[in-house]
Amino acid sequence: MTDAAINREPGFGLYVHWPFCRSKCPYCDFNSHVRAAVDHGRWRAALLRELDHYGAATKGRQLTSIFFGGGTPSLMEPETVGAVIERAAALWAFDPNVEITLEANPTSVEADKFAAFRSAGVNRISLGVQSLREADLKFLGRQHNAGEARDAVSLGHRYFDRLSFDLIYARPGQTVEDWRAELREALAMAGDHLSVYQLTIEADTAFASAYRRGDFILPDEDTAAALFETTQEALEQAGLPAYEISNHARPGEASRHNLTYWRYGDYAGVGPGAHGRLTLDGVKYATRQHRAPEAWLAAVEQNGHATRQRDEVAAAARGEEMLMMGLRLAEGVDGSRFEAETGQTLRSALDARRLELLIDSGFVEVDEQGLRATVAGRQRLNTVLAQLLA
């Protein structure tokens, strides 16, 4: 797949949420839950039923990506993954380059499923490695060790043409030298995509409580900035430039599904807590499914879906969402698509004085293609957005 083939079109995606994990990581604020047992047959039937609901609402669309997220989707039975892919193919036409990604944890038990997931139709794997340092894996609450991570990446390359894995930086005590060495190790085993996230303390997580107690200290702002800059430099030199704040890829190897989000395309979300954005009869809707697994399951079995919210997104809100998502991308916000969504040009929608100040400060650029944040602007994106959306 080439960048020309993607051609900046957002595509139409399907997100499938599997909410279960073996344990809850202390930094995680995703909709994930630990359960002693899961009735896989019942869950498979419910996912297919909710899939039918959204398939009926979006007939005639061409699906460009499917993303199995979580939770820990590699805990799904491969039969469930295969059934979802097969049903999706019956409900929508598949793009010739359809991307089907499954998130996986690199424990040996889950890695053994790779062959079955590939046979089920998955063609891209995303591994939650997070660190290659044993002490940091323990700190992050991961269930695998560094050796298992390396083995899972190696096995993933064997079964999947496209592979990515995640790393977390700005960990307690981490220095630029330590991180540069870890990045070298990661690049030696990487494929064509890496996701690299700064550790942040999210509300209502175990880390939030521990951080308030002073159980650990994060790197200061200057060190965090240096770690970010080291990441950009190392991955750029390795041929994996940042196409989004935290995501790096060789040309043509960006996550097609995530580009749908960031380019403000439509996507259907099924499973507990899944979000969606769907344009139906010319109206953009934001959808959200029941968050609690048991509530979602009961609602689907009773009603055929578990949609808790289905709200029209007004033009002004669409503009704000496009800016919040699109400015994460190196390519920025496409001006013609912004106008099509909102009825306004980018310049007319934004405060001219604030925009010029951001341009003069070197944080954003505007041209005939649209609006984009510079590297410096993406490093300070919350501040940039606060100015643009004020």
# chains A, B, ... in the order shown; residues from 1 in each chain; ligands from 1

$ select_by_dssp --residues "region 7-100 of chain A" --states "strand (DSSP E or B)" --output "list in words"
Phe12, Gly13, Leu14, Tyr15, Val16, His17, Trp18, Phe20, Cys21, His33, Val34, Gln62, Leu63, Thr64, Ser65, Ile66, Phe67, Phe68, Gly69, Gly70, Ala93, Phe94, Asp95, Pro96, Asn97, Val98, Glu99 and Ile100 of chain A

$ closest_atom_pairs --of "region 161-269 of chain A" --to "region 305-321 of chain A" --cutoff "12 Å" --atoms "only C-alpha atoms" --output "Markdown table"
| residue | atom | partner | partner_atom | distance |
| --- | --- | --- | --- | --- |
| A:Tyr261 | CA | A:Glu321 | CA | 10.1 |
| A:Trp262 | CA | A:Glu321 | CA | 9.3 |
| A:Arg263 | CA | A:Glu321 | CA | 10.0 |
| A:Tyr264 | CA | A:Glu321 | CA | 7.8 |
| A:Gly265 | CA | A:Glu321 | CA | 11.1 |
| A:Ala268 | CA | A:Thr307 | CA | 11.2 |
| A:Gly269 | CA | A:Thr307 | CA | 9.6 |

$ residues_around --residues "Arg250 (chain A)" --least-positions-apart "3" --cutoff "7 Å" --atoms "only C-alpha atoms" --output "list in words"
Asp192, His193, Gly239, Leu240, Pro241 and Glu253 of chain A

$ residues_around --residues "Glu301 (chain A)" --least-positions-apart "4" --cutoff "10 Å" --atoms "only C-alpha atoms" --output "compact mmCIF listing (two decimals) with C-alpha atoms, in the first residue's frame"
# COMPACT_ATOMS: atom_id res chain seq x y z
CA ARG A 42 -22.52 -15.77 23.99
CA TRP A 43 -20.16 -12.86 23.36
CA ALA A 45 -23.30 -14.00 19.09
CA ALA A 46 -23.75 -10.57 20.66
CA LEU A 47 -20.93 -8.97 18.68
CA ARG A 49 -25.84 -9.09 16.36
CA GLU A 50 -24.64 -5.55 17.06
CA TRP A 296 -23.89 -4.14 27.01
CA LEU A 297 -24.45 -7.88 26.65
CA HIS A 305 -27.69 -3.34 19.91
CA ALA A 306 -26.48 -1.51 23.02

$ residues_around --residues "region 369-382 of chain A" --least-positions-apart "4" --cutoff "10 Å" --atoms "only C-alpha atoms" --output "compact mmCIF listing (two decimals) with N, CA and C atoms, in the first residue's frame"
# COMPACT_ATOMS: atom_id res chain seq x y z
N ALA A 225 10.64 16.62 27.55
CA ALA A 225 10.80 17.24 26.23
C ALA A 225 12.01 16.66 25.51
N PHE A 228 11.15 13.24 24.21
CA PHE A 228 10.33 13.38 23.01
C PHE A 228 11.21 13.68 21.80
N GLU A 229 12.10 14.65 21.95
CA GLU A 229 12.96 15.05 20.83
C GLU A 229 13.89 13.92 20.42
N GLN A 232 11.83 11.53 18.27
CA GLN A 232 11.63 12.03 16.91
C GLN A 232 12.90 11.86 16.08
N ALA A 242 7.51 10.60 12.23
CA ALA A 242 6.22 10.71 12.90
C ALA A 242 5.17 11.19 11.90
N GLU A 244 2.01 11.07 13.11
CA GLU A 244 1.10 11.55 14.15
C GLU A 244 1.94 11.72 15.41
N ILE A 245 1.44 12.43 16.40
CA ILE A 245 2.25 12.77 17.57
C ILE A 245 2.99 11.56 18.14
N SER A 246 2.31 10.43 18.27
CA SER A 246 2.89 9.27 18.93
C SER A 246 3.14 8.10 17.99
N LEU A 323 -10.29 19.68 14.11
CA LEU A 323 -9.04 20.31 14.54
C LEU A 323 -8.34 19.49 15.61
N MET A 324 -9.10 19.00 16.58
CA MET A 324 -8.50 18.22 17.66
C MET A 324 -7.86 16.94 17.16
N GLY A 326 -7.20 16.22 13.63
CA GLY A 326 -6.33 16.42 12.47
C GLY A 326 -5.01 17.07 12.77
N LEU A 327 -4.96 17.93 13.78
CA LEU A 327 -3.70 18.59 14.10
C LEU A 327 -2.72 17.65 14.80
N ARG A 328 -3.16 16.47 15.16
CA ARG A 328 -2.23 15.45 15.66
C ARG A 328 -1.36 14.92 14.51
N LEU A 329 -1.87 15.02 13.30
CA LEU A 329 -1.18 14.48 12.13
C LEU A 329 -0.15 15.45 11.57
N ALA A 330 0.95 14.92 11.06
CA ALA A 330 1.93 15.76 10.38
C ALA A 330 1.31 16.44 9.17
N GLU A 331 0.38 15.76 8.50
CA GLU A 331 -0.26 16.33 7.31
C GLU A 331 -1.29 17.40 7.67
N GLY A 332 -1.78 17.40 8.91
CA GLY A 332 -2.72 18.41 9.36
C GLY A 332 -4.14 18.20 8.91
N VAL A 333 -4.91 19.28 8.92
CA VAL A 333 -6.34 19.26 8.60
C VAL A 333 -6.52 19.69 7.15
N ASP A 334 -7.18 18.88 6.37
CA ASP A 334 -7.44 19.17 4.96
C ASP A 334 -8.49 20.28 4.86
N GLY A 335 -8.14 21.36 4.19
CA GLY A 335 -9.02 22.52 4.13
C GLY A 335 -10.32 22.25 3.41
N SER A 336 -10.28 21.51 2.31
CA SER A 336 -11.51 21.25 1.55
C SER A 336 -12.46 20.36 2.34
N ARG A 337 -11.92 19.38 3.07
CA ARG A 337 -12.78 18.51 3.87
C ARG A 337 -13.36 19.28 5.07
N PHE A 338 -12.58 20.18 5.63
CA PHE A 338 -13.10 21.01 6.73
C PHE A 338 -14.28 21.84 6.24
N THR A 345 -14.60 28.01 5.64
CA THR A 345 -13.18 27.78 5.40
C THR A 345 -12.46 27.78 6.75
N LEU A 346 -11.27 27.21 6.77
CA LEU A 346 -10.50 27.19 8.01
C LEU A 346 -10.25 28.60 8.54
N ARG A 347 -9.86 29.50 7.66
CA ARG A 347 -9.55 30.86 8.11
C ARG A 347 -10.78 31.59 8.64
N LEU A 358 -0.08 32.22 16.37
CA LEU A 358 0.45 30.86 16.35
C LEU A 358 1.37 30.64 15.14
N ILE A 359 1.01 31.24 14.01
CA ILE A 359 1.87 31.14 12.82
C ILE A 359 3.20 31.84 13.09
N SER A 361 4.63 32.39 15.84
CA SER A 361 5.38 31.69 16.88
C SER A 361 5.97 30.38 16.38
N GLY A 362 5.63 30.00 15.15
CA GLY A 362 6.19 28.79 14.57
C GLY A 362 5.49 27.52 15.00
N PHE A 363 4.22 27.63 15.46
CA PHE A 363 3.50 26.47 15.95
C PHE A 363 2.53 25.88 14.93
N VAL A 364 2.06 26.68 13.99
CA VAL A 364 1.17 26.16 12.94
C VAL A 364 1.55 26.77 11.61
N GLU A 365 1.12 26.10 10.54
CA GLU A 365 1.31 26.58 9.17
C GLU A 365 -0.02 26.47 8.43
N ALA A 386 -6.01 25.09 22.59
CA ALA A 386 -6.68 26.04 23.48
C ALA A 386 -6.77 27.42 22.83
N GLN A 387 -5.71 27.81 22.11
CA GLN A 387 -5.73 29.09 21.43
C GLN A 387 -6.68 29.08 20.24
N LEU A 388 -6.65 28.03 19.46
CA LEU A 388 -7.48 27.97 18.26
C LEU A 388 -8.96 27.87 18.58

$ closest_residue --among "A:Ala340, A:Leu167, A:Val129, A:Leu183" --to "Gln143 (chain A)" --atoms "only C-alpha atoms"
A:Val129

$ closest_residue --among "A:Ala170, A:Ala135, A:Val98, A:Ala181" --to "Leu227 (chain A)" --atoms "only C-alpha atoms"
A:Ala170

$ residues_around --residues "region 235-238 of chain A" --least-positions-apart "5" --cutoff "10 Å" --atoms "only C-alpha atoms" --output "number ranges by chain"
A: 183-184, 187-188, 193-194, 230, 248-250

$ closest_atom_pairs --of "region 91-125 of chain A" --to "region 66-81 of chain A" --cutoff "7 Å" --atoms "only C-alpha atoms" --output "JSON lines"
{"residue": "A:Glu99", "atom": "CA", "partner": "A:Ile66", "partner_atom": "CA", "distance": 6.3}
{"residue": "A:Ile100", "atom": "CA", "partner": "A:Ile66", "partner_atom": "CA", "distance": 4.7}
{"residue": "A:Thr101", "atom": "CA", "partner": "A:Phe67", "partner_atom": "CA", "distance": 4.8}
{"residue": "A:Leu102", "atom": "CA", "partner": "A:Phe68", "partner_atom": "CA", "distance": 4.7}
{"residue": "A:Glu103", "atom": "CA", "partner": "A:Gly69", "partner_atom": "CA", "distance": 5.7}
{"residue": "A:Ala104", "atom": "CA", "partner": "A:Ser74", "partner_atom": "CA", "distance": 4.7}
{"residue": "A:Asn105", "atom": "CA", "partner": "A:Ser74", "partner_atom": "CA", "distance": 6.7}
{"residue": "A:Glu110", "atom": "CA", "partner": "A:Ser74", "partner_atom": "CA", "distance": 6.0}
{"residue": "A:Ala116", "atom": "CA", "partner": "A:Pro78", "partner_atom": "CA", "distance": 6.0}
{"residue": "A:Phe117", "atom": "CA", "partner": "A:Pro78", "partner_atom": "CA", "distance": 5.5}
{"residue": "A:Ala120", "atom": "CA", "partner": "A:Val81", "partner_atom": "CA", "distance": 6.5}

$ write_last_selection --atoms "C-alpha atoms" --output "tab-separated table (two decimals), in the first residue's frame"
chain	number	residue	atom	x	y	z
A	99	GLU	CA	-6.49	-3.46	6.90
A	100	ILE	CA	-7.51	-5.80	9.73
A	101	THR	CA	-5.60	-5.12	12.96
A	102	LEU	CA	-5.72	-7.00	16.25
A	103	GLU	CA	-4.11	-5.76	19.46
A	104	ALA	CA	-2.20	-8.43	21.36
A	105	ASN	CA	-0.21	-8.82	24.55
A	110	GLU	CA	-1.46	-15.40	23.44
A	116	ALA	CA	-5.02	-18.91	14.09
A	117	PHE	CA	-5.62	-15.16	13.99
A	120	ALA	CA	-9.09	-15.91	10.58

$ select_by_dssp --residues "region 3-232 of chain A" --states "alpha helix (DSSP H)" --output "JSON, numbers by chain"
{"A": [3, 4, 5, 6, 40, 41, 42, 43, 44, 45, 46, 47, 48, 49, 50, 51, 52, 53, 54, 55, 56, 57, 78, 79, 80, 81, 82, 83, 84, 85, 86, 87, 88, 89, 90, 91, 108, 109, 110, 111, 114, 115, 116, 117, 118, 119, 120, 134, 135, 136, 137, 138, 139, 146, 147, 148, 149, 150, 151, 152, 153, 154, 155, 156, 157, 158, 159, 176, 177, 178, 179, 180, 181, 182, 183, 184, 185, 186, 187, 188, 189, 206, 207, 208, 209, 210, 211, 212, 213, 221, 222, 223, 224, 225, 226, 227, 228, 229, 230, 231, 232]}

$ write_last_selection --atoms "C-alpha atoms" --output "mmCIF file, in the first residue's frame"
data_model
loop_
_atom_site.group_PDB
_atom_site.id
_atom_site.type_symbol
_atom_site.label_atom_id
_atom_site.label_comp_id
_atom_site.auth_asym_id
_atom_site.auth_seq_id
_atom_site.Cartn_x
_atom_site.Cartn_y
_atom_site.Cartn_z
ATOM 1 C CA ASP A 3 0.599 6.891 0.392
ATOM 2 C CA ALA A 4 -0.788 7.644 -3.051
ATOM 3 C CA ALA A 5 -3.175 4.720 -2.708
ATOM 4 C CA ILE A 6 -4.476 6.101 0.576
ATOM 5 C CA HIS A 40 -17.190 -16.831 24.420
ATOM 6 C CA GLY A 41 -20.109 -18.255 22.473
ATOM 7 C CA ARG A 42 -22.522 -15.770 23.988
ATOM 8 C CA TRP A 43 -20.159 -12.865 23.357
ATOM 9 C CA ARG A 44 -19.560 -13.962 19.786
ATOM 10 C CA ALA A 45 -23.298 -14.003 19.094
ATOM 11 C CA ALA A 46 -23.755 -10.570 20.656
ATOM 12 C CA LEU A 47 -20.926 -8.969 18.685
ATOM 13 C CA LEU A 48 -22.379 -10.340 15.453
ATOM 14 C CA ARG A 49 -25.835 -9.087 16.356
ATOM 15 C CA GLU A 50 -24.643 -5.552 17.063
ATOM 16 C CA LEU A 51 -22.571 -5.701 13.894
ATOM 17 C CA ASP A 52 -25.755 -6.491 11.953
ATOM 18 C CA HIS A 53 -27.411 -3.428 13.502
ATOM 19 C CA TYR A 54 -24.740 -1.050 12.225
ATOM 20 C CA GLY A 55 -24.394 -2.885 8.935
ATOM 21 C CA ALA A 56 -28.086 -2.261 8.228
ATOM 22 C CA ALA A 57 -27.631 1.450 8.978
ATOM 23 C CA PRO A 78 -9.853 -16.964 16.966
ATOM 24 C CA GLU A 79 -13.268 -18.342 15.965
ATOM 25 C CA THR A 80 -14.838 -15.115 17.233
ATOM 26 C CA VAL A 81 -12.381 -12.956 15.316
ATOM 27 C CA GLY A 82 -13.017 -14.979 12.176
ATOM 28 C CA ALA A 83 -16.795 -14.778 12.622
ATOM 29 C CA VAL A 84 -16.675 -10.986 12.973
ATOM 30 C CA ILE A 85 -14.523 -10.608 9.853
ATOM 31 C CA GLU A 86 -16.758 -12.962 7.883
ATOM 32 C CA ARG A 87 -19.904 -11.084 8.960
ATOM 33 C CA ALA A 88 -18.315 -7.731 8.140
ATOM 34 C CA ALA A 89 -17.506 -9.006 4.644
ATOM 35 C CA ALA A 90 -21.166 -9.944 4.223
ATOM 36 C CA LEU A 91 -22.391 -6.540 5.404
ATOM 37 C CA SER A 108 3.568 -16.777 25.282
ATOM 38 C CA VAL A 109 0.031 -18.158 25.584
ATOM 39 C CA GLU A 110 -1.459 -15.404 23.440
ATOM 40 C CA ALA A 111 1.410 -15.458 20.944
ATOM 41 C CA PHE A 114 -0.973 -15.860 16.000
ATOM 42 C CA ALA A 115 -1.308 -18.539 13.340
ATOM 43 C CA ALA A 116 -5.018 -18.915 14.089
ATOM 44 C CA PHE A 117 -5.624 -15.158 13.993
ATOM 45 C CA ARG A 118 -3.843 -14.962 10.646
ATOM 46 C CA SER A 119 -6.025 -17.764 9.286
ATOM 47 C CA ALA A 120 -9.085 -15.912 10.581
ATOM 48 C CA GLU A 134 12.438 -5.793 33.176
ATOM 49 C CA ALA A 135 12.137 -3.350 36.073
ATOM 50 C CA ASP A 136 9.979 -1.003 34.034
ATOM 51 C CA LEU A 137 7.714 -3.800 32.836
ATOM 52 C CA LYS A 138 7.078 -4.673 36.473
ATOM 53 C CA PHE A 139 6.460 -1.014 37.325
ATOM 54 C CA ALA A 146 11.364 -8.565 27.965
ATOM 55 C CA GLY A 147 12.234 -11.972 26.533
ATOM 56 C CA GLU A 148 8.581 -12.763 25.881
ATOM 57 C CA ALA A 149 8.206 -9.378 24.200
ATOM 58 C CA ARG A 150 11.089 -10.074 21.829
ATOM 59 C CA ASP A 151 9.778 -13.578 21.101
ATOM 60 C CA ALA A 152 6.279 -12.262 20.377
ATOM 61 C CA VAL A 153 7.622 -9.623 17.979
ATOM 62 C CA SER A 154 9.677 -12.260 16.171
ATOM 63 C CA LEU A 155 6.664 -14.565 15.943
ATOM 64 C CA GLY A 156 4.504 -11.687 14.767
ATOM 65 C CA HIS A 157 6.873 -10.991 11.886
ATOM 66 C CA ARG A 158 6.582 -14.649 10.897
ATOM 67 C CA TYR A 159 2.788 -14.591 10.591
ATOM 68 C CA VAL A 176 17.862 10.342 27.597
ATOM 69 C CA GLU A 177 20.827 7.949 27.327
ATOM 70 C CA ASP A 178 18.776 5.014 28.648
ATOM 71 C CA TRP A 179 15.952 5.785 26.254
ATOM 72 C CA ARG A 180 18.236 6.182 23.243
ATOM 73 C CA ALA A 181 19.702 2.734 23.925
ATOM 74 C CA GLU A 182 16.246 1.188 24.316
ATOM 75 C CA LEU A 183 15.104 2.771 21.070
ATOM 76 C CA ARG A 184 18.086 1.227 19.275
ATOM 77 C CA GLU A 185 17.015 -2.187 20.559
ATOM 78 C CA ALA A 186 13.427 -1.552 19.550
ATOM 79 C CA LEU A 187 14.361 -0.429 16.050
ATOM 80 C CA ALA A 188 16.474 -3.536 15.551
ATOM 81 C CA MET A 189 13.365 -5.692 15.950
ATOM 82 C CA ALA A 206 -4.016 2.996 40.183
ATOM 83 C CA PHE A 207 -1.148 5.225 39.109
ATOM 84 C CA ALA A 208 -3.201 8.340 39.905
ATOM 85 C CA SER A 209 -3.489 7.296 43.545
ATOM 86 C CA ALA A 210 0.141 6.178 43.751
ATOM 87 C CA TYR A 211 1.368 9.415 42.187
ATOM 88 C CA ARG A 212 -0.632 11.517 44.639
ATOM 89 C CA ARG A 213 0.914 9.534 47.497
ATOM 90 C CA GLU A 221 9.240 18.824 31.936
ATOM 91 C CA ASP A 222 12.669 19.478 30.429
ATOM 92 C CA THR A 223 13.620 15.788 30.576
ATOM 93 C CA ALA A 224 10.275 14.754 29.078
ATOM 94 C CA ALA A 225 10.796 17.236 26.229
ATOM 95 C CA ALA A 226 14.309 15.874 25.639
ATOM 96 C CA LEU A 227 12.942 12.315 25.577
ATOM 97 C CA PHE A 228 10.329 13.377 23.005
ATOM 98 C CA GLU A 229 12.960 15.048 20.833
ATOM 99 C CA THR A 230 15.215 11.999 21.091
ATOM 100 C CA THR A 231 12.317 9.824 19.929
ATOM 101 C CA GLN A 232 11.634 12.026 16.908
#

$ atom_distance --atom1 "CA of Tyr197 (chain A)" --atom2 "CA of Leu259 (chain A)"
17.1 Å

$ residues_around --residues "region 271-280 of chain A" --least-positions-apart "2" --cutoff "6 Å" --atoms "only C-alpha atoms" --output "JSON, numbers by chain"
{"A": [16, 17, 266, 267, 268, 269, 282, 283, 284, 285, 286, 287, 288, 289, 290, 291, 293, 296]}

$ write_last_selection --atoms "C-alpha atoms" --output "PDB file, in the first residue's frame"
ATOM      1  CA  VAL A  16     -14.618  -3.926  17.674  1.00  0.00           C
ATOM      2  CA  HIS A  17     -14.065  -3.655  21.427  1.00  0.00           C
ATOM      3  CA  ASP A 266     -16.810   7.610   9.502  1.00  0.00           C
ATOM      4  CA  TYR A 267     -16.457   4.473  11.603  1.00  0.00           C
ATOM      5  CA  ALA A 268     -18.842   2.114  13.330  1.00  0.00           C
ATOM      6  CA  GLY A 269     -18.075   1.042  16.885  1.00  0.00           C
ATOM      7  CA  GLY A 282     -26.262  13.751   5.403  1.00  0.00           C
ATOM      8  CA  VAL A 283     -26.240  14.066   9.204  1.00  0.00           C
ATOM      9  CA  LYS A 284     -23.176  13.274  11.349  1.00  0.00           C
ATOM     10  CA  TYR A 285     -23.906  11.266  14.483  1.00  0.00           C
ATOM     11  CA  ALA A 286     -21.742  10.404  17.479  1.00  0.00           C
ATOM     12  CA  THR A 287     -22.588   6.966  18.861  1.00  0.00           C
ATOM     13  CA  ARG A 288     -21.527   5.268  22.079  1.00  0.00           C
ATOM     14  CA  GLN A 289     -22.356   1.808  23.329  1.00  0.00           C
ATOM     15  CA  HIS A 290     -23.087   0.822  26.934  1.00  0.00           C
ATOM     16  CA  ARG A 291     -19.778   0.744  28.777  1.00  0.00           C
ATOM     17  CA  PRO A 293     -19.758  -5.454  29.750  1.00  0.00           C
ATOM     18  CA  TRP A 296     -23.885  -4.140  27.010  1.00  0.00           C
TER      19      TRP A 296
END

$ atom_distance --atom1 "CA of Thr107 (chain A)" --atom2 "CA of His144 (chain A)"
5.4 Å

$ closest_residue --among "A:Ser23, A:Gly13, A:Ser195, A:Ser32" --to "Ala292 (chain A)" --atoms "only C-alpha atoms"
A:Ser32
